[in-house]
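J.: Next up, upload_19.tsv (TSV, C-alpha atoms).
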chain	number	residue	atom	x	y	z
N	25	MET	CA	-95.21	58.88	116.80
N	26	GLY	CA	-96.19	55.22	117.04
N	27	PHE	CA	-93.72	52.49	117.91
N	28	PHE	CA	-93.75	51.17	114.32
N	29	LYS	CA	-92.85	54.56	112.84
N	30	TRP	CA	-90.19	55.06	115.49
N	31	LEU	CA	-88.60	51.74	114.52
N	32	LYS	CA	-88.84	52.45	110.81
N	33	ASN	CA	-87.34	55.92	111.17
N	34	LYS	CA	-84.56	54.45	113.26
N	35	VAL	CA	-83.74	51.81	110.65
N	36	PHE	CA	-83.86	54.01	107.57
N	37	SER	CA	-82.28	57.09	109.15
N	38	LEU	CA	-79.24	54.98	109.94
N	39	ASP	CA	-79.01	53.88	106.31
N	40	GLU	CA	-79.44	57.45	105.05
N	41	GLN	CA	-76.76	58.72	107.40
N	42	LYS	CA	-74.32	56.18	106.01
N	43	VAL	CA	-75.05	57.31	102.44
N	44	ASP	CA	-74.84	61.01	103.34
N	45	ILE	CA	-71.56	60.60	105.16
N	46	LYS	CA	-70.10	58.64	102.26
N	47	GLN	CA	-71.16	61.30	99.73
N	48	GLU	CA	-69.98	64.11	101.91
N	49	GLY	CA	-66.62	62.42	102.22
N	50	LYS	CA	-66.26	62.42	98.42
N	51	ASP	CA	-67.43	65.99	97.92
N	52	LYS	CA	-65.31	67.50	100.65
N	53	GLU	CA	-62.20	65.36	100.53
N	54	GLN	CA	-59.90	68.32	99.90
N	55	HIS	CA	-61.49	70.30	102.68
N	56	PHE	CA	-60.94	67.47	105.15
N	57	LYS	CA	-57.28	67.24	104.20
N	58	LYS	CA	-56.78	70.95	104.86
N	59	GLN	CA	-58.45	70.64	108.23
N	60	GLN	CA	-56.48	67.57	109.25
N	61	GLU	CA	-53.75	69.45	111.05
N	62	LEU	CA	-56.23	71.53	113.04
N	63	LYS	CA	-58.20	68.43	114.04
N	64	GLN	CA	-55.02	66.72	115.17
N	65	GLN	CA	-54.30	69.59	117.53
N	66	LYS	CA	-57.76	69.31	119.07
N	67	ILE	CA	-57.90	65.54	119.35
N	68	GLU	CA	-56.51	65.27	122.87
N	69	LYS	CA	-59.04	67.79	124.19
N	70	LYS	CA	-61.85	65.89	122.49
N	71	ILE	CA	-60.72	62.59	123.99
N	72	ILE	CA	-60.57	64.10	127.46
N	73	LYS	CA	-64.01	65.63	127.04
N	74	THR	CA	-65.45	62.36	125.75
N	75	GLU	CA	-63.99	60.40	128.63
N	76	LYS	CA	-65.23	62.92	131.15
N	77	GLU	CA	-68.68	63.74	129.82
N	78	GLY	CA	-69.67	61.25	127.19
N	79	PHE	CA	-68.08	57.88	127.84
N	80	GLU	CA	-71.08	56.43	129.63
N	81	ALA	CA	-73.43	57.57	126.87
N	82	VAL	CA	-71.15	56.18	124.16
N	83	ALA	CA	-70.85	52.88	126.00
N	84	LYS	CA	-74.61	52.73	126.48
N	85	ASN	CA	-75.23	53.36	122.78
N	86	TYR	CA	-72.70	50.70	121.82
N	87	TYR	CA	-74.29	48.24	124.22
N	88	LYS	CA	-77.74	49.01	122.79
N	89	LYS	CA	-76.50	48.53	119.20
N	90	HIS	CA	-74.69	45.32	120.17
N	91	ASN	CA	-77.84	44.02	121.84
N	92	THR	CA	-79.94	44.93	118.78
N	93	ASP	CA	-77.65	42.81	116.62
N	94	LYS	CA	-77.94	39.96	119.13
N	95	TYR	CA	-81.73	40.19	119.09
N	96	ILE	CA	-81.86	40.25	115.29
N	97	ALA	CA	-79.68	37.14	115.09
N	98	GLY	CA	-81.33	35.37	118.02
N	99	LEU	CA	-84.89	36.02	116.86
N	100	SER	CA	-84.26	35.39	113.16
N	101	LYS	CA	-86.40	32.24	113.09
N	102	ILE	CA	-89.29	34.10	114.70
N	103	ASN	CA	-88.94	37.01	112.28
N	104	ASP	CA	-88.74	34.69	109.27
N	105	SER	CA	-91.93	32.91	110.30
N	106	PHE	CA	-94.01	35.73	111.77
N	107	SER	CA	-93.16	38.46	109.27
N	108	ARG	CA	-93.53	36.09	106.32
N	109	LYS	CA	-97.01	35.04	107.42
N	110	ILE	CA	-98.16	38.64	107.88
N	111	ILE	CA	-96.70	39.69	104.52
N	112	GLU	CA	-98.43	36.73	102.85
N	113	LEU	CA	-101.67	37.77	104.54
N	114	GLN	CA	-101.27	41.30	103.18
N	115	GLY	CA	-100.90	39.90	99.68
N	116	LYS	CA	-103.93	37.65	100.05
N	117	TYR	CA	-106.44	40.48	100.56
N	118	LYS	CA	-107.00	43.67	98.62
N	119	PHE	CA	-109.11	45.14	101.41
N	120	VAL	CA	-109.43	44.58	105.14
N	121	ASN	CA	-112.52	42.54	106.04
N	122	ASP	CA	-113.72	39.99	108.60
N	123	ASN	CA	-111.91	37.15	106.85
N	124	PHE	CA	-108.68	39.13	107.01
N	125	TYR	CA	-109.04	39.58	110.76
N	126	ASP	CA	-109.90	35.89	111.23
N	127	ASP	CA	-106.69	34.92	109.44
N	128	LEU	CA	-104.73	37.48	111.46
N	129	GLU	CA	-106.08	36.01	114.71
N	130	GLU	CA	-104.95	32.55	113.63
N	131	ILE	CA	-101.43	33.79	112.86
N	132	LEU	CA	-101.15	35.48	116.26
N	133	ILE	CA	-102.43	32.42	118.13
N	134	MET	CA	-100.02	30.17	116.22
N	135	SER	CA	-97.25	32.53	117.36
N	136	ASP	CA	-97.96	31.56	121.00
N	137	ILE	CA	-99.88	34.70	121.87
N	138	SER	CA	-102.72	33.69	124.18
N	139	ALA	CA	-106.26	33.69	122.76
N	140	ASN	CA	-107.38	36.35	125.23
N	141	LEU	CA	-104.54	38.67	124.27
N	142	VAL	CA	-105.11	38.03	120.56
N	143	MET	CA	-108.71	39.22	120.96
N	144	ILE	CA	-107.50	42.38	122.68
N	145	ILE	CA	-104.87	43.09	120.01
N	146	VAL	CA	-107.24	42.49	117.09
N	147	ASP	CA	-110.03	44.55	118.69
N	148	GLU	CA	-107.59	47.43	119.18
N	149	ILE	CA	-106.45	47.12	115.56
N	150	LYS	CA	-110.07	47.23	114.36
N	151	LYS	CA	-110.78	50.35	116.42
N	152	GLU	CA	-107.74	52.21	115.13
N	153	ALA	CA	-108.33	51.08	111.55
N	154	ALA	CA	-111.93	52.33	111.72
N	155	LEU	CA	-110.92	55.60	113.36
N	156	ASN	CA	-108.30	56.34	110.71
N	157	GLN	CA	-110.26	54.77	107.83
N	158	VAL	CA	-107.53	52.23	107.13
N	159	ASN	CA	-108.64	49.66	104.57
N	160	ASP	CA	-105.31	48.61	103.07
N	161	PRO	CA	-103.96	45.33	104.55
N	162	LYS	CA	-100.40	46.64	104.20
N	163	GLU	CA	-101.17	49.52	106.56
N	164	ILE	CA	-102.41	47.10	109.21
N	165	ALA	CA	-98.83	45.94	109.84
N	166	GLU	CA	-97.98	49.33	111.34
N	167	ILE	CA	-100.95	49.16	113.72
N	168	LEU	CA	-100.17	45.53	114.62
N	169	VAL	CA	-96.58	46.27	115.64
N	170	ASP	CA	-97.74	49.27	117.69
N	171	LYS	CA	-100.36	47.17	119.51
N	172	MET	CA	-97.91	44.34	120.25
N	173	PHE	CA	-95.66	46.90	121.88
N	174	MET	CA	-98.46	48.63	123.76
N	175	VAL	CA	-100.11	45.52	125.23
N	176	TYR	CA	-96.82	44.75	126.98
N	177	ALA	CA	-95.71	48.27	127.87
N	178	ASN	CA	-99.14	49.48	129.01
N	179	ARG	CA	-99.93	46.47	131.23
N	180	THR	CA	-98.03	48.10	134.09
N	181	SER	CA	-94.55	49.48	134.43
N	182	VAL	CA	-91.91	47.39	132.68
N	183	ASN	CA	-89.02	46.44	134.95
N	184	THR	CA	-86.30	44.26	133.49
N	185	THR	CA	-83.57	45.20	135.96
N	186	LEU	CA	-82.53	42.50	138.39
N	187	ASN	CA	-82.77	43.50	142.06
N	188	TYR	CA	-79.03	43.61	142.66
N	189	LYS	CA	-77.41	46.20	144.92
N	190	ASP	CA	-73.80	46.77	145.83
N	191	GLY	CA	-72.87	46.58	149.50
N	192	ARG	CA	-75.03	43.60	150.45
N	193	LEU	CA	-75.28	39.87	149.89
N	194	ASN	CA	-77.70	39.52	146.98
N	195	VAL	CA	-79.62	36.25	146.76
N	196	PHE	CA	-81.33	34.97	143.60
N	197	ILE	CA	-83.37	31.76	143.58
N	198	VAL	CA	-83.76	30.08	140.18
N	199	ILE	CA	-86.49	27.53	139.53
N	200	GLY	CA	-87.71	25.63	136.49
N	201	VAL	CA	-88.49	22.15	135.21
N	202	ASN	CA	-85.83	19.75	133.99
N	203	GLY	CA	-84.82	20.50	130.41
N	204	SER	CA	-85.82	24.16	130.54
N	205	GLY	CA	-82.22	25.34	130.42
N	206	LYS	CA	-82.15	26.22	134.12
N	207	THR	CA	-78.62	25.04	134.88
N	208	THR	CA	-77.15	26.70	131.79
N	209	SER	CA	-79.02	29.93	132.57
N	210	ILE	CA	-77.60	29.94	136.09
N	211	ALA	CA	-74.11	29.58	134.64
N	212	LYS	CA	-74.70	32.40	132.16
N	213	LEU	CA	-76.18	34.62	134.88
N	214	ALA	CA	-73.26	33.93	137.20
N	215	ASN	CA	-70.82	34.63	134.38
N	216	SER	CA	-72.41	38.02	133.68
N	217	TYR	CA	-71.70	39.12	137.26
N	218	VAL	CA	-68.23	37.59	137.34
N	219	LYS	CA	-67.45	39.67	134.24
N	220	LYS	CA	-68.50	42.75	136.21
N	221	GLY	CA	-65.96	41.90	138.89
N	222	LYS	CA	-68.48	40.55	141.40
N	223	LYS	CA	-67.78	37.68	143.76
N	224	VAL	CA	-70.35	34.99	142.93
N	225	LEU	CA	-71.31	31.81	144.77
N	226	VAL	CA	-73.65	29.12	143.41
N	227	ALA	CA	-75.63	26.77	145.68
N	228	ALA	CA	-76.36	23.44	143.97
N	229	ALA	CA	-79.65	22.76	145.77
N	230	ASP	CA	-81.21	20.69	142.97
N	231	THR	CA	-80.01	17.53	144.69
N	232	PHE	CA	-82.57	15.15	143.20
N	233	ARG	CA	-81.81	15.38	139.49
N	234	ALA	CA	-79.02	13.07	138.43
N	235	GLY	CA	-76.12	15.06	137.02
N	236	ALA	CA	-77.44	18.49	138.05
N	237	VAL	CA	-74.74	19.09	140.66
N	238	GLU	CA	-71.94	17.85	138.44
N	239	GLN	CA	-73.17	19.98	135.54
N	240	LEU	CA	-73.11	23.09	137.72
N	241	ASN	CA	-69.70	22.12	139.06
N	242	VAL	CA	-68.28	22.00	135.52
N	243	TRP	CA	-69.81	25.38	134.68
N	244	THR	CA	-68.59	27.15	137.83
N	245	ASN	CA	-65.05	25.90	137.24
N	246	LYS	CA	-65.24	27.19	133.69
N	247	ILE	CA	-66.45	30.70	134.53
N	248	GLY	CA	-64.41	31.14	137.70
N	249	CYS	CA	-66.93	31.25	140.52
N	250	GLU	CA	-67.34	29.05	143.59
N	251	ILE	CA	-69.95	26.41	144.36
N	252	VAL	CA	-71.47	24.83	147.46
N	253	LYS	CA	-72.75	21.29	146.94
N	254	SER	CA	-73.60	18.10	148.77
N	255	GLU	CA	-71.44	15.05	148.26
N	256	LYS	CA	-74.45	12.75	148.14
N	257	GLN	CA	-77.50	12.69	145.89
N	258	ASN	CA	-80.98	13.35	147.34
N	259	ALA	CA	-79.52	15.43	150.16
N	260	ASP	CA	-81.75	18.00	151.83
N	261	PRO	CA	-81.70	21.11	149.56
N	262	ALA	CA	-82.16	23.38	152.58
N	263	SER	CA	-78.94	22.07	154.11
N	264	VAL	CA	-77.05	23.04	150.95
N	265	VAL	CA	-78.55	26.53	151.10
N	266	PHE	CA	-77.64	26.84	154.78
N	267	LYS	CA	-73.99	26.00	154.02
N	268	ALA	CA	-74.01	28.42	151.10
N	269	ILE	CA	-75.37	31.27	153.24
N	270	GLU	CA	-72.71	30.65	155.88
N	271	LYS	CA	-69.96	30.64	153.26
N	272	ALA	CA	-71.34	33.72	151.51
N	273	LYS	CA	-71.40	35.70	154.75
N	274	GLU	CA	-67.98	34.57	155.95
N	275	SER	CA	-66.24	35.26	152.64
N	276	ASN	CA	-68.11	38.45	151.69
N	277	PHE	CA	-69.68	37.27	148.47
N	278	ASP	CA	-71.66	39.78	146.41
N	279	LEU	CA	-74.15	37.33	144.92
N	280	LEU	CA	-75.52	33.91	145.84
N	281	ILE	CA	-77.46	32.07	143.12
N	282	ILE	CA	-79.50	29.12	144.36
N	283	ASP	CA	-80.41	26.29	141.99
N	284	THR	CA	-83.56	24.44	143.06
N	285	ALA	CA	-85.49	21.35	142.01
N	286	GLY	CA	-88.23	21.75	139.41
N	287	ARG	CA	-90.36	18.71	140.07
N	288	LEU	CA	-93.82	20.01	139.27
N	289	GLN	CA	-95.21	16.47	139.34
N	290	ASN	CA	-94.73	16.58	143.12
N	291	LYS	CA	-95.85	20.08	144.00
N	292	VAL	CA	-96.26	19.41	147.72
N	293	ASN	CA	-92.64	18.35	148.16
N	294	LEU	CA	-91.41	21.22	146.00
N	295	MET	CA	-93.41	23.73	148.00
N	296	ASN	CA	-92.09	22.30	151.26
N	297	GLU	CA	-88.50	22.49	149.98
N	298	LEU	CA	-88.91	26.12	148.96
N	299	GLN	CA	-90.53	27.01	152.28
N	300	LYS	CA	-87.56	25.54	154.15
N	301	ILE	CA	-85.15	27.48	151.93
N	302	TYR	CA	-87.09	30.72	152.46
N	303	LYS	CA	-87.11	30.15	156.22
N	304	ILE	CA	-83.33	29.87	156.24
N	305	LEU	CA	-82.96	33.02	154.14
N	306	HIS	CA	-85.39	35.01	156.29
N	307	ARG	CA	-83.31	34.32	159.38
N	308	LEU	CA	-80.62	36.45	157.79
N	309	ASP	CA	-82.81	38.98	156.00
N	310	GLU	CA	-86.59	38.95	155.57
N	311	ASN	CA	-86.14	40.60	152.15
N	312	MET	CA	-84.32	37.56	150.80
N	313	PRO	CA	-84.43	36.26	148.17
N	314	HIS	CA	-84.10	39.45	146.16
N	315	GLU	CA	-85.14	37.61	143.00
N	316	CYS	CA	-87.08	34.41	142.34
N	317	LEU	CA	-86.58	33.71	138.65
N	318	LEU	CA	-88.51	31.10	136.68
N	319	VAL	CA	-86.72	29.58	133.70
N	320	LEU	CA	-89.02	28.73	130.79
N	321	ASP	CA	-88.13	26.99	127.54
N	322	SER	CA	-89.64	29.25	124.86
N	323	THR	CA	-89.93	26.33	122.44
N	324	THR	CA	-92.60	24.72	124.66
N	325	GLY	CA	-95.11	27.46	123.85
N	326	GLN	CA	-98.36	27.27	125.79
N	327	ASN	CA	-96.91	24.52	127.99
N	328	GLY	CA	-94.55	27.18	129.28
N	329	ILE	CA	-97.54	29.31	130.23
N	330	SER	CA	-98.95	26.35	132.19
N	331	GLN	CA	-95.62	25.97	134.01
N	332	ALA	CA	-95.61	29.66	134.91
N	333	ARG	CA	-99.14	29.29	136.27
N	334	GLU	CA	-98.16	26.32	138.46
N	335	PHE	CA	-94.94	27.84	139.78
N	336	ASN	CA	-96.67	31.15	140.46
N	337	ILE	CA	-99.01	29.28	142.80
N	338	ILE	CA	-96.12	27.58	144.59
N	339	THR	CA	-94.00	30.70	145.13
N	340	LYS	CA	-93.92	34.43	144.41
N	341	LEU	CA	-92.11	34.90	141.11
N	342	THR	CA	-90.25	38.15	140.46
N	343	GLY	CA	-89.19	37.53	136.87
N	344	ILE	CA	-88.90	35.15	133.95
N	345	ILE	CA	-85.86	33.87	132.06
N	346	LEU	CA	-86.91	32.82	128.55
N	347	THR	CA	-84.43	30.34	127.10
N	348	LYS	CA	-83.82	28.98	123.60
N	349	MET	CA	-85.37	31.97	121.84
N	350	ASP	CA	-83.00	31.31	118.96
N	351	GLY	CA	-84.52	27.85	118.52
N	352	THR	CA	-88.19	28.73	118.13
N	353	SER	CA	-90.22	30.21	115.29
N	354	LYS	CA	-92.85	31.49	117.74
N	355	GLY	CA	-92.23	34.54	119.88
N	356	GLY	CA	-95.50	35.48	121.53
N	357	ILE	CA	-94.87	33.81	124.88
N	358	ALA	CA	-93.32	36.96	126.41
N	359	LEU	CA	-96.47	38.96	125.64
N	360	SER	CA	-98.72	36.23	127.03
N	361	ILE	CA	-96.80	35.89	130.30
N	362	LYS	CA	-96.91	39.62	130.94
N	363	ASP	CA	-100.62	39.76	130.16
N	364	GLU	CA	-101.69	36.80	132.28
N	365	PHE	CA	-99.39	37.06	135.29
N	366	ASP	CA	-98.05	40.64	135.17
N	367	ILE	CA	-94.56	39.18	135.57
N	368	ASP	CA	-91.75	40.77	133.59
N	369	VAL	CA	-89.45	38.76	131.37
N	370	LYS	CA	-86.09	39.87	132.72
N	371	LEU	CA	-83.64	37.80	130.68
N	372	VAL	CA	-83.70	36.01	127.33
N	373	GLY	CA	-81.43	33.34	125.92
N	374	LEU	CA	-80.50	34.32	122.36
N	375	GLY	CA	-77.88	31.66	121.67
N	376	GLU	CA	-75.78	28.89	123.14
N	377	GLY	CA	-72.78	31.03	124.03
N	378	ILE	CA	-71.95	31.85	127.65
N	379	GLU	CA	-72.64	35.56	126.99
N	380	ASP	CA	-75.87	35.03	125.05
N	381	LEU	CA	-78.17	35.59	128.04
N	382	LYS	CA	-79.34	39.17	127.62
N	383	GLU	CA	-81.51	41.59	129.57
N	384	PHE	CA	-84.98	41.64	128.03
N	385	ASP	CA	-85.39	44.71	125.84
N	386	LEU	CA	-88.95	45.29	124.62
N	387	ASP	CA	-87.90	47.53	121.70
N	388	ASN	CA	-85.38	45.01	120.43
N	389	TYR	CA	-87.71	42.09	121.09
N	390	ILE	CA	-90.56	43.52	119.00
N	391	TYR	CA	-88.11	44.69	116.34
N	392	GLY	CA	-86.39	41.30	116.17
N	393	MET	CA	-89.75	39.58	115.88
N	394	THR	CA	-91.12	41.90	113.15
N	395	LYS	CA	-87.94	43.10	111.40
N	396	ASP	CA	-89.04	42.23	107.86
N	397	LEU	CA	-92.41	43.91	108.44
N	398	VAL	CA	-90.77	47.10	109.66
N	399	GLU	CA	-88.32	47.20	106.77
N	400	GLN	CA	-90.68	46.24	103.91
Would you put the structure from the file into structure tokens?
T.:
Amino acid sequence: MGFFKWLKNKVFSLDEQKVDIKQEGKDKEQHFKKQQELKQQKIEKKIIKTEKEGFEAVAKNYYKKHNTDKYIAGLSKINDSFSRKIIELQGKYKFVNDNFYDDLEEILIMSDISANLVMIIVDEIKKEAALNQVNDPKEIAEILVDKMFMVYANRTSVNTTLNYKDGRLNVFIVIGVNGSGKTTSIAKLANSYVKKGKKVLVAAADTFRAGAVEQLNVWTNKIGCEIVKSEKQNADPASVVFKAIEKAKESNFDLLIIDTAGRLQNKVNLMNELQKIYKILHRLDENMPHECLLVLDSTTGQNGISQAREFNIITKLTGIILTKMDGTSKGGIALSIKDEFDIDVKLVGLGEGIEDLKEFDLDNYIYGMTKDLVEQ
């Protein structure tokens, strides 16, 4: 079964189940009443069994459903734009032809999918359409959704899990240009671990941007984690990291998140700063940092791809945080990043709330982006 059919079955089977359950409740109301006493006697055993054997699965399913709702809401602008354009394209042509594919390419490119990846997707669609003798534009939607999923999932293995392990000091470095949402993402990331009961420390090593340290200070006070900062602007970022490492070791912190400068206009200085920070970390553990996360503003489109290219030259990136997904009508940047750099998007910002930074979920991402296509 293709990804499109899997999504469609998932959506409509849920609706059918609701109808069936409702009807069954009407038809068998008397039966349920008679069985009420028996069910009451068994309820404690069922609760115990659920807690023992099924709680984790239930919690996982709830989390998945909750995340699906978040993705649908957060990607609503993308779905409204992308799905509408594809549906309009389907109505424009009676049969699939070269002009249809030209228009499809334009829609995909305008959705911030790179030109190279668009060619791959459209070529794959053409091959499958020819193989299965598909000539109806409405049937192309199914193939399109499948191919969008496959070009990401088949690139290499998809790993969205952050490299965090209990029993050690975990160190995450976060980089990104000013205005990308870096500081807010750090706060949201820190909050997610605080909520899990972890002891989190933030190092305010972006000492050159006016207000960066104070902004982080406000956030850390709000979410209940500690911060290491310099009292003067333009201080050496490495010195802040050194103090943070010392504090993290002495006080047994679980996670240290390091904010860094994102001054791409001065790549030499930025590279030197990062090298000094890495040198300090390697004195403690050569495997540090465990994550180097690049924050990209999804509303910047192809400019975000250029930033990823530049930062990937400066340092080894382990993952991407895509911010402001709820504020863009274009959603192809995640596919383009994976294709060009083979770097996984690990987190996405789906709203302004402190808990709206979510682990990237490919199923929910493609579904949120193409919801109206899947459900038409």
J.: With all atoms listed in the file as the counted atoms, please give the residues lying no more than 9 Å from stretch 376-378 of chain N, apart from itself and same-chain residues fewer than 3 positions off, as number ranges by chain.
T.: N: 208-209, 211-213, 215-216, 247, 348, 350, 373, 381
J.: Just the selected residues (C-alpha atoms), exported as a JSON list (two decimals), in the frame of the given file, please.
T.:
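The resulting again_26.json:
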[["chain", "number", "residue", "atom", "x", "y", "z"],
["N", 208, "THR", "CA", -77.15, 26.70, 131.79],
["N", 209, "SER", "CA", -79.02, 29.93, 132.57],
["N", 211, "ALA", "CA", -74.11, 29.58, 134.64],
["N", 212, "LYS", "CA", -74.70, 32.40, 132.16],
["N", 213, "LEU", "CA", -76.18, 34.62, 134.88],
["N", 215, "ASN", "CA", -70.82, 34.63, 134.38],
["N", 216, "SER", "CA", -72.41, 38.02, 133.68],
["N", 247, "ILE", "CA", -66.45, 30.70, 134.53],
["N", 348, "LYS", "CA", -83.82, 28.98, 123.60],
["N", 350, "ASP", "CA", -83.00, 31.31, 118.96],
["N", 373, "GLY", "CA", -81.43, 33.34, 125.92],
["N", 381, "LEU", "CA", -78.17, 35.59, 128.04]]
J.: Would you list the contacts of N:Gly375 as a list in words, taking every protein, DNA or RNA residue within 9 Å and counting all atoms listed in the file, but skipping same-chain residues closer than 4 positions in sequence?
T.: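 After dropping sequence-adjacent residues, the list is Lys94, Ala97, Gly98, Thr347, Lys348, Met349, Asp350, Gly351, Glu379, Asp380 and Leu381 of chain N.
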J.: List every protein, DNA or RNA residue with an atom no more than 12 Å from (-65.8, 33.2, 136.0) in the file's coordinates, counting only C-alpha atoms, and format the result as a list in words.
T.: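 All residues meeting the 12 Å criterion around (-65.8, 33.2, 136.0) are Ala211, Lys212, Leu213, Ala214, Asn215, Ser216, Tyr217, Val218, Lys219, Lys220, Gly221, Lys222, Lys223, Val224, Leu225, Val226, Val242, Trp243, Thr244, Asn245, Lys246, Ile247, Gly248, Cys249, Glu250, Ile251, Ile378 and Glu379 of chain N.
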J.: Generate a file of the selected residues that holds C-alpha atoms, formatted as an mmCIF file, in the coordinates of the input.
T.:
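See part_37.cif below for the written result:
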data_model
loop_
_atom_site.group_PDB
_atom_site.id
_atom_site.type_symbol
_atom_site.label_atom_id
_atom_site.label_comp_id
_atom_site.auth_asym_id
_atom_site.auth_seq_id
_atom_site.Cartn_x
_atom_site.Cartn_y
_atom_site.Cartn_z
ATOM 1 C CA ALA N 211 -74.110 29.580 134.640
ATOM 2 C CA LYS N 212 -74.700 32.400 132.160
ATOM 3 C CA LEU N 213 -76.180 34.620 134.880
ATOM 4 C CA ALA N 214 -73.260 33.930 137.200
ATOM 5 C CA ASN N 215 -70.820 34.630 134.380
ATOM 6 C CA SER N 216 -72.410 38.020 133.680
ATOM 7 C CA TYR N 217 -71.700 39.120 137.260
ATOM 8 C CA VAL N 218 -68.230 37.590 137.340
ATOM 9 C CA LYS N 219 -67.450 39.670 134.240
ATOM 10 C CA LYS N 220 -68.500 42.750 136.210
ATOM 11 C CA GLY N 221 -65.960 41.900 138.890
ATOM 12 C CA LYS N 222 -68.480 40.550 141.400
ATOM 13 C CA LYS N 223 -67.780 37.680 143.760
ATOM 14 C CA VAL N 224 -70.350 34.990 142.930
ATOM 15 C CA LEU N 225 -71.310 31.810 144.770
ATOM 16 C CA VAL N 226 -73.650 29.120 143.410
ATOM 17 C CA VAL N 242 -68.280 22.000 135.520
ATOM 18 C CA TRP N 243 -69.810 25.380 134.680
ATOM 19 C CA THR N 244 -68.590 27.150 137.830
ATOM 20 C CA ASN N 245 -65.050 25.900 137.240
ATOM 21 C CA LYS N 246 -65.240 27.190 133.690
ATOM 22 C CA ILE N 247 -66.450 30.700 134.530
ATOM 23 C CA GLY N 248 -64.410 31.140 137.700
ATOM 24 C CA CYS N 249 -66.930 31.250 140.520
ATOM 25 C CA GLU N 250 -67.340 29.050 143.590
ATOM 26 C CA ILE N 251 -69.950 26.410 144.360
ATOM 27 C CA ILE N 378 -71.950 31.850 127.650
ATOM 28 C CA GLU N 379 -72.640 35.560 126.990
#
J.: Which residues are near stretch 384-387 of chain N? Cut-off 8 Å, only C-alpha atoms, ignore same chain within fewer than 5 positions. Put them as a list in words.
T.: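 In the requested format, the answer is Phe173, Thr184, Val369, Lys370, Leu371 and Val372 of chain N.
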J.: Can you tell me how far atom CA of N:Tyr391 sits from atom CA of N:Ser105, in Å to one decimal?
T.: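 Between atom CA of N:Tyr391 and atom CA of N:Ser105 the gap is 13.8 Å.
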J.: In Å, how far is it from atom CA of N:Glu148 to atom CA of N:Ile344?
T.: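 Answer for the atom CA of N:Glu148 to atom CA of N:Ile344 separation: 26.8 Å.
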J.: Please identify all polymer residues lying at most 7 Å from the point (-96.8, 34.0, 125.0) (file coordinates), using only C-alpha atoms, and present the result as a PyMOL selection string.
T.: chain N and resi 136-138+325-326+355-361
J.: Please write N, CA and C atoms of stretch 113-126 of chain N, from the structure given just now, as a CSV table (one decimal), in the first residue's frame.
T.:
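Okay, this is what ended up in selection-v1.csv:
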chain,number,residue,atom,x,y,z
N,113,LEU,N,-5.2,22.6,-10.4
N,113,LEU,CA,-4.5,22.0,-11.6
N,113,LEU,C,-5.3,20.8,-12.1
N,114,GLN,N,-5.8,20.0,-11.2
N,114,GLN,CA,-6.6,18.8,-11.6
N,114,GLN,C,-7.8,19.2,-12.4
N,115,GLY,N,-8.4,20.3,-12.0
N,115,GLY,CA,-9.6,20.8,-12.7
N,115,GLY,C,-9.3,21.5,-14.0
N,116,LYS,N,-8.1,21.9,-14.2
N,116,LYS,CA,-7.7,22.6,-15.4
N,116,LYS,C,-7.5,21.7,-16.6
N,117,TYR,N,-7.1,20.4,-16.3
N,117,TYR,CA,-6.8,19.5,-17.4
N,117,TYR,C,-7.7,18.3,-17.3
N,118,LYS,N,-8.2,17.8,-18.5
N,118,LYS,CA,-9.0,16.6,-18.6
N,118,LYS,C,-8.1,15.4,-18.6
N,119,PHE,N,-6.9,15.5,-19.2
N,119,PHE,CA,-5.9,14.5,-19.3
N,119,PHE,C,-4.6,15.0,-19.0
N,120,VAL,N,-3.7,14.0,-18.5
N,120,VAL,CA,-2.3,14.4,-18.2
N,120,VAL,C,-1.5,14.5,-19.5
N,121,ASN,N,-0.8,15.6,-19.6
N,121,ASN,CA,0.0,15.9,-20.8
N,121,ASN,C,1.3,16.7,-20.3
N,122,ASP,N,2.1,17.1,-21.3
N,122,ASP,CA,3.3,17.8,-20.9
N,122,ASP,C,3.0,19.1,-20.3
N,123,ASN,N,2.0,19.8,-20.7
N,123,ASN,CA,1.6,21.1,-20.1
N,123,ASN,C,1.2,20.9,-18.6
N,124,PHE,N,0.5,19.8,-18.4
N,124,PHE,CA,0.1,19.5,-17.0
N,124,PHE,C,1.4,19.3,-16.1
N,125,TYR,N,2.3,18.6,-16.6
N,125,TYR,CA,3.6,18.4,-15.8
N,125,TYR,C,4.4,19.7,-15.7
N,126,ASP,N,4.4,20.5,-16.7
N,126,ASP,CA,5.0,21.8,-16.6
N,126,ASP,C,4.4,22.6,-15.4
